[in-house]
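**Student:** Here you go, one structure.
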Amino acid sequence: MSCQDKLVWYDLVPLFSFFLLKGRCKTCKTKISRQYPIVEFLTGVVFALLFFKFQDLFFWNLLMFTMTYVYYAVLFSILIVISVYDWKHKIIPDGLVLLFGVLAFISVFLFSGSIFNLHIPQTLEVFSGVILAAPFALIWLLSKGAWMGLGDAKLELGLGWLLGLSWGLSAVALAFWSGALVGIVLIVFSKVYSKFFPTKHSLKSEIPFAPFLAMGALIAFVLELSLFPIF
């Protein structure tokens, strides 16, 4: 960004290029943000977990594995971008969440049990996104955006279609629990170790929720987690 130097392929190898360049631009020696290797590492972890989930399919039907794996890899890649953007700017881009929602809705008709299988979904599957997004939208409406952003409701719409009601509820529970835990840790550490925290955190501090929703969705999807097995 600083010198506008054009990068070549060996400058773009995930993780390796960052460490080979010692975290600096090879031309102007400006420091490269740690965001890049962190996101690259997390993306690799997500892709590995998706392979873990579909590994049986890999040995049984390579074509079906490829179609299934690529589709979900794209969906979770979009979730990663949304999460990073929300973490940095505290806003979820409408374009990305719309793309995610459309792909997630299509998956209702293309995948059964998260495996590629053209089928006619049940009514509950079709409306799972709306059902899970409704409470988020209601919280946004009642609080006038003070407690939760409308972007979280839009994201939950797609997550509901991606996961279904049972896995979706599990993902939401994990998101709230992990978000609350991180919030408490930030409040405690910002008071005890104030010199390391340029911004004080309190109960009124705003914490982006999309990263926790994405993490909860990944865990629920990979582990097929049903904390509320009622659907």
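Chain labels follow the order of the structure tokens: the first chain is A, the next B, and so on; residue numbering restarts at 1 in every chain, and ligands are counted from 1 in their shown order.
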Just want the 8 Å neighbourhood of Ser2 (chain A), counted on only C-alpha atoms, with same-chain residues fewer than 2 positions away dropped. Output as a ChimeraX atom specification.
**Tutor:** /A:4,28,30
**Student:** Which polymer residues have any atom within 10 Å of an atom of Asp94 (chain A), counting only C-alpha atoms, with same-chain residues fewer than 2 positions away left out, as a list in words?
**Tutor:**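 Neighbouring residues, sequence-local ones excluded: Ile82, Ile91, Ile92, Leu96, Val97, Leu98, Leu99, Phe100, Gly151, Lys154 and Leu155 of chain A.
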**Student:** Would you save the residues of that selection, restricted to N, CA and C atoms, as a PDB file, in the first residue's frame?
**Tutor:**
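Below you can see result_32.pdb, which holds the result:
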```
ATOM      1  N   ILE A  82     -16.153 -11.411   6.167  1.00  0.00           N
ATOM      2  CA  ILE A  82     -17.139 -10.649   6.937  1.00  0.00           C
ATOM      3  C   ILE A  82     -16.658 -10.442   8.366  1.00  0.00           C
ATOM      4  N   ILE A  91     -18.792  -3.117  11.243  1.00  0.00           N
ATOM      5  CA  ILE A  91     -19.918  -3.068  10.315  1.00  0.00           C
ATOM      6  C   ILE A  91     -19.802  -4.271   9.378  1.00  0.00           C
ATOM      7  N   ILE A  92     -20.946  -4.812   8.975  1.00  0.00           N
ATOM      8  CA  ILE A  92     -20.969  -5.954   8.070  1.00  0.00           C
ATOM      9  C   ILE A  92     -21.385  -5.452   6.689  1.00  0.00           C
ATOM     10  N   LEU A  96     -21.451  -8.434   0.849  1.00  0.00           N
ATOM     11  CA  LEU A  96     -20.934  -9.742   1.265  1.00  0.00           C
ATOM     12  C   LEU A  96     -22.006 -10.573   1.955  1.00  0.00           C
ATOM     13  N   VAL A  97     -22.782  -9.937   2.833  1.00  0.00           N
ATOM     14  CA  VAL A  97     -23.799 -10.698   3.559  1.00  0.00           C
ATOM     15  C   VAL A  97     -24.928 -11.121   2.620  1.00  0.00           C
ATOM     16  N   LEU A  98     -25.191 -10.331   1.570  1.00  0.00           N
ATOM     17  CA  LEU A  98     -26.188 -10.708   0.569  1.00  0.00           C
ATOM     18  C   LEU A  98     -25.700 -11.910  -0.233  1.00  0.00           C
ATOM     19  N   LEU A  99     -24.434 -11.884  -0.650  1.00  0.00           N
ATOM     20  CA  LEU A  99     -23.860 -13.014  -1.393  1.00  0.00           C
ATOM     21  C   LEU A  99     -23.892 -14.280  -0.544  1.00  0.00           C
ATOM     22  N   PHE A 100     -23.506 -14.137   0.713  1.00  0.00           N
ATOM     23  CA  PHE A 100     -23.513 -15.289   1.615  1.00  0.00           C
ATOM     24  C   PHE A 100     -24.929 -15.834   1.778  1.00  0.00           C
ATOM     25  N   GLY A 151     -26.916  -5.753  10.756  1.00  0.00           N
ATOM     26  CA  GLY A 151     -26.068  -6.650   9.976  1.00  0.00           C
ATOM     27  C   GLY A 151     -25.997  -8.044  10.577  1.00  0.00           C
ATOM     28  N   LYS A 154     -29.015  -9.912   9.439  1.00  0.00           N
ATOM     29  CA  LYS A 154     -28.860 -10.315   8.038  1.00  0.00           C
ATOM     30  C   LYS A 154     -27.927 -11.520   7.922  1.00  0.00           C
ATOM     31  N   LEU A 155     -26.856 -11.506   8.709  1.00  0.00           N
ATOM     32  CA  LEU A 155     -25.908 -12.624   8.678  1.00  0.00           C
ATOM     33  C   LEU A 155     -26.571 -13.888   9.220  1.00  0.00           C
TER      34      LEU A 155
END
```
**Student:** Would you list the contacts of region 211-225 of chain A as a PyMOL selection string, taking every protein, DNA or RNA residue within 10 Å and counting only C-alpha atoms, but skipping same-chain residues closer than 6 positions in sequence?
**Tutor:** chain A and resi 46+49-54+76+78-87+113-114+152+155-156+159-160+162-164+166-180+182
**Student:** One decimal, Å: what's the distance from CA of Gln122 (chain A) over to CA of Leu103 (chain A), could you say?
**Tutor:** 17.9 Å
**Student:** Using DSSP on the backbone, list every residue of chain A that comes out as helix (DSSP H, G or I), and give them as number ranges by chain.
**Tutor:** A: 9-11, 16-20, 35-60, 62-89, 94-110, 123-126, 128-143, 150-192, 194-196, 210-223
**Student:** Considering only strand (DSSP E or B) as DSSP defines it on the backbone, what residues of region 53-144 of chain A qualify? List them as a VMD selection string.
**Tutor:** chain A and resid 111 to 112 115 to 116
**Student:** One decimal, in Å: what's the spacing between CA of Gly129 (chain A) and CA of Leu165 (chain A)?
**Tutor:**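 CA of Leu165 (chain A) lies at a distance of 7.9 Å from CA of Gly129 (chain A).
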**Student:** What gap, in Å, lies between CA of Phe19 (chain A) and CA of Cys3 (chain A)?
**Tutor:** 19.7 Å
